[in-house]
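*Asks:* Below you will find the structure I want to go over with you.
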Amino acid sequence: MRASQSRGHQRGISFIGLLFVAAVLACVGVVVAQVIPTLIEYQAITKAANKAKEGTTVPEVRAIFDRAQAIDDFQSVSGKDLDVKKVGDKVVVSFAYQREIHLFGPAYLTLKYEGQSR
């Protein structure tokens, strides 16, 4: 078998291809590292909404939520941003907000979060 024939059957990634894949993975890693704190904040807000549904009046629900906000230290939603409804005999607390993550130049990643108490 000649060397030119065996070279045609070789497979693999070139150094330039490897650098390209590494650059793409690094960019994705940076974005994921910025998204994870917003997910943790969303979980804290959902937990606070579930705690706030124990209130019986709208001001009481908002006060409970604001106390939970002070404990968990999130800034995206406050008690005045809540939508409080009574469905049957249950209080349902819902919220919606968005977060923007600056990527580069004029590019932003916008994350829209919404949820309600269970």
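Just remember, in the structure tokens the first chain shown is A, the second B, etc., residues are 1-based per chain, and ligands are 1-based in the order shown.
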Show which residues sit within 9 Å of stretch 92-97 of chain A, as a compact mmCIF listing (two decimals) with N, CA, C and O atoms, in the first residue's frame. Count only C-alpha atoms, and ignore same-chain residues fewer than 6 positions away.
*Replies:*
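Everything below was put into selection31.txt:
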```txt
# COMPACT_ATOMS: atom_id res chain seq x y z
N ILE A 45 -37.06 33.06 43.94
CA ILE A 45 -38.30 33.82 43.79
C ILE A 45 -39.51 32.89 43.86
O ILE A 45 -40.51 33.21 44.49
N THR A 46 -39.41 31.74 43.24
CA THR A 46 -40.50 30.75 43.29
C THR A 46 -40.73 30.28 44.73
O THR A 46 -41.87 30.16 45.18
N ALA A 49 -42.52 33.02 46.55
CA ALA A 49 -43.93 33.09 46.15
C ALA A 49 -44.72 31.98 46.83
O ALA A 49 -45.87 32.21 47.24
N ASN A 50 -44.15 30.80 46.94
CA ASN A 50 -44.84 29.70 47.62
C ASN A 50 -45.02 30.00 49.10
O ASN A 50 -46.02 29.62 49.70
N ALA A 52 -45.25 33.11 50.30
CA ALA A 52 -46.15 34.26 50.39
C ALA A 52 -47.62 33.87 50.23
O ALA A 52 -48.50 34.59 50.72
N LYS A 53 -47.91 32.76 49.60
CA LYS A 53 -49.31 32.37 49.39
C LYS A 53 -50.01 32.02 50.70
O LYS A 53 -51.23 31.88 50.73
N VAL A 61 -49.63 39.18 51.84
CA VAL A 61 -48.88 38.35 50.89
C VAL A 61 -47.62 39.09 50.44
O VAL A 61 -46.53 38.53 50.39
N SER A 76 -34.76 41.11 41.41
CA SER A 76 -35.55 41.19 40.18
C SER A 76 -37.04 41.41 40.41
O SER A 76 -37.71 42.01 39.59
N VAL A 77 -37.56 40.89 41.50
CA VAL A 77 -39.00 40.98 41.79
C VAL A 77 -39.16 41.42 43.24
O VAL A 77 -38.46 40.94 44.12
N ASP A 81 -44.50 43.89 42.67
CA ASP A 81 -44.54 43.33 41.31
C ASP A 81 -45.40 42.07 41.21
O ASP A 81 -45.60 41.56 40.10
N LEU A 82 -45.88 41.59 42.31
CA LEU A 82 -46.64 40.33 42.32
C LEU A 82 -48.06 40.53 41.83
O LEU A 82 -48.66 41.58 42.03
N ASP A 83 -48.59 39.49 41.22
CA ASP A 83 -50.01 39.44 40.85
C ASP A 83 -50.66 38.42 41.79
O ASP A 83 -50.38 37.23 41.71
N VAL A 84 -51.49 38.93 42.70
CA VAL A 84 -52.10 38.08 43.72
C VAL A 84 -53.57 37.88 43.37
O VAL A 84 -54.31 38.84 43.19
N LYS A 85 -53.97 36.60 43.26
CA LYS A 85 -55.36 36.26 42.95
C LYS A 85 -55.85 35.22 43.93
O LYS A 85 -55.06 34.48 44.52
N LYS A 86 -57.14 35.17 44.05
CA LYS A 86 -57.75 34.13 44.88
C LYS A 86 -58.52 33.21 43.94
O LYS A 86 -59.43 33.63 43.25
N LEU A 111 -33.55 36.75 28.92
CA LEU A 111 -34.23 35.61 29.55
C LEU A 111 -35.52 36.10 30.18
O LEU A 111 -35.50 37.03 31.00
N LYS A 112 -36.63 35.50 29.81
CA LYS A 112 -37.92 35.88 30.37
C LYS A 112 -38.38 34.77 31.32
O LYS A 112 -38.51 33.62 30.93
N TYR A 113 -38.60 35.15 32.56
CA TYR A 113 -39.02 34.20 33.58
C TYR A 113 -40.43 34.56 34.03
O TYR A 113 -40.77 35.73 34.17
N GLU A 114 -41.24 33.55 34.26
CA GLU A 114 -42.55 33.73 34.87
C GLU A 114 -42.89 32.48 35.65
O GLU A 114 -42.42 31.39 35.35
N GLY A 115 -43.68 32.68 36.68
CA GLY A 115 -44.05 31.55 37.51
C GLY A 115 -45.16 31.93 38.45
O GLY A 115 -45.60 33.08 38.50
N GLN A 116 -45.61 30.93 39.19
CA GLN A 116 -46.66 31.16 40.19
C GLN A 116 -46.53 30.15 41.29
O GLN A 116 -45.86 29.13 41.14
N SER A 117 -47.17 30.45 42.39
CA SER A 117 -47.12 29.54 43.54
C SER A 117 -47.91 28.29 43.20
O SER A 117 -48.79 28.28 42.36
N ARG A 118 -47.55 27.25 43.91
CA ARG A 118 -48.22 25.94 43.67
C ARG A 118 -49.33 25.73 44.66
O ARG A 118 -49.38 26.13 45.72
```
*Asks:* Based on DSSP run over this structure's backbone, return all residues of chain A in helix (DSSP H, G or I), as a ChimeraX atom specification.
*Replies:* /A:3-8,15-52,58-72,79-81
*Asks:* Counting only C-alpha atoms, which residue out of A:Ala48, A:Arg62, A:Thr56, A:Thr110 sits closest to A:Asp89?
*Replies:*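 For A:Asp89, the nearest of the given residues is A:Thr56.
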*Asks:* Using only C-alpha atoms for the distances, tell me which of A:Arg99, A:Leu19, A:Val24, A:His9 is nearest to A:Tyr42.
*Replies:*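 Answer, going by the shortest atom-to-atom distance: A:Arg99.
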*Asks:* Atom CA of A:Gln43 and atom CA of A:Gly88, how far apart in Å?
*Replies:*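 Computed distance, atom CA of A:Gly88 to atom CA of A:Gln43, equals 25.9 Å.
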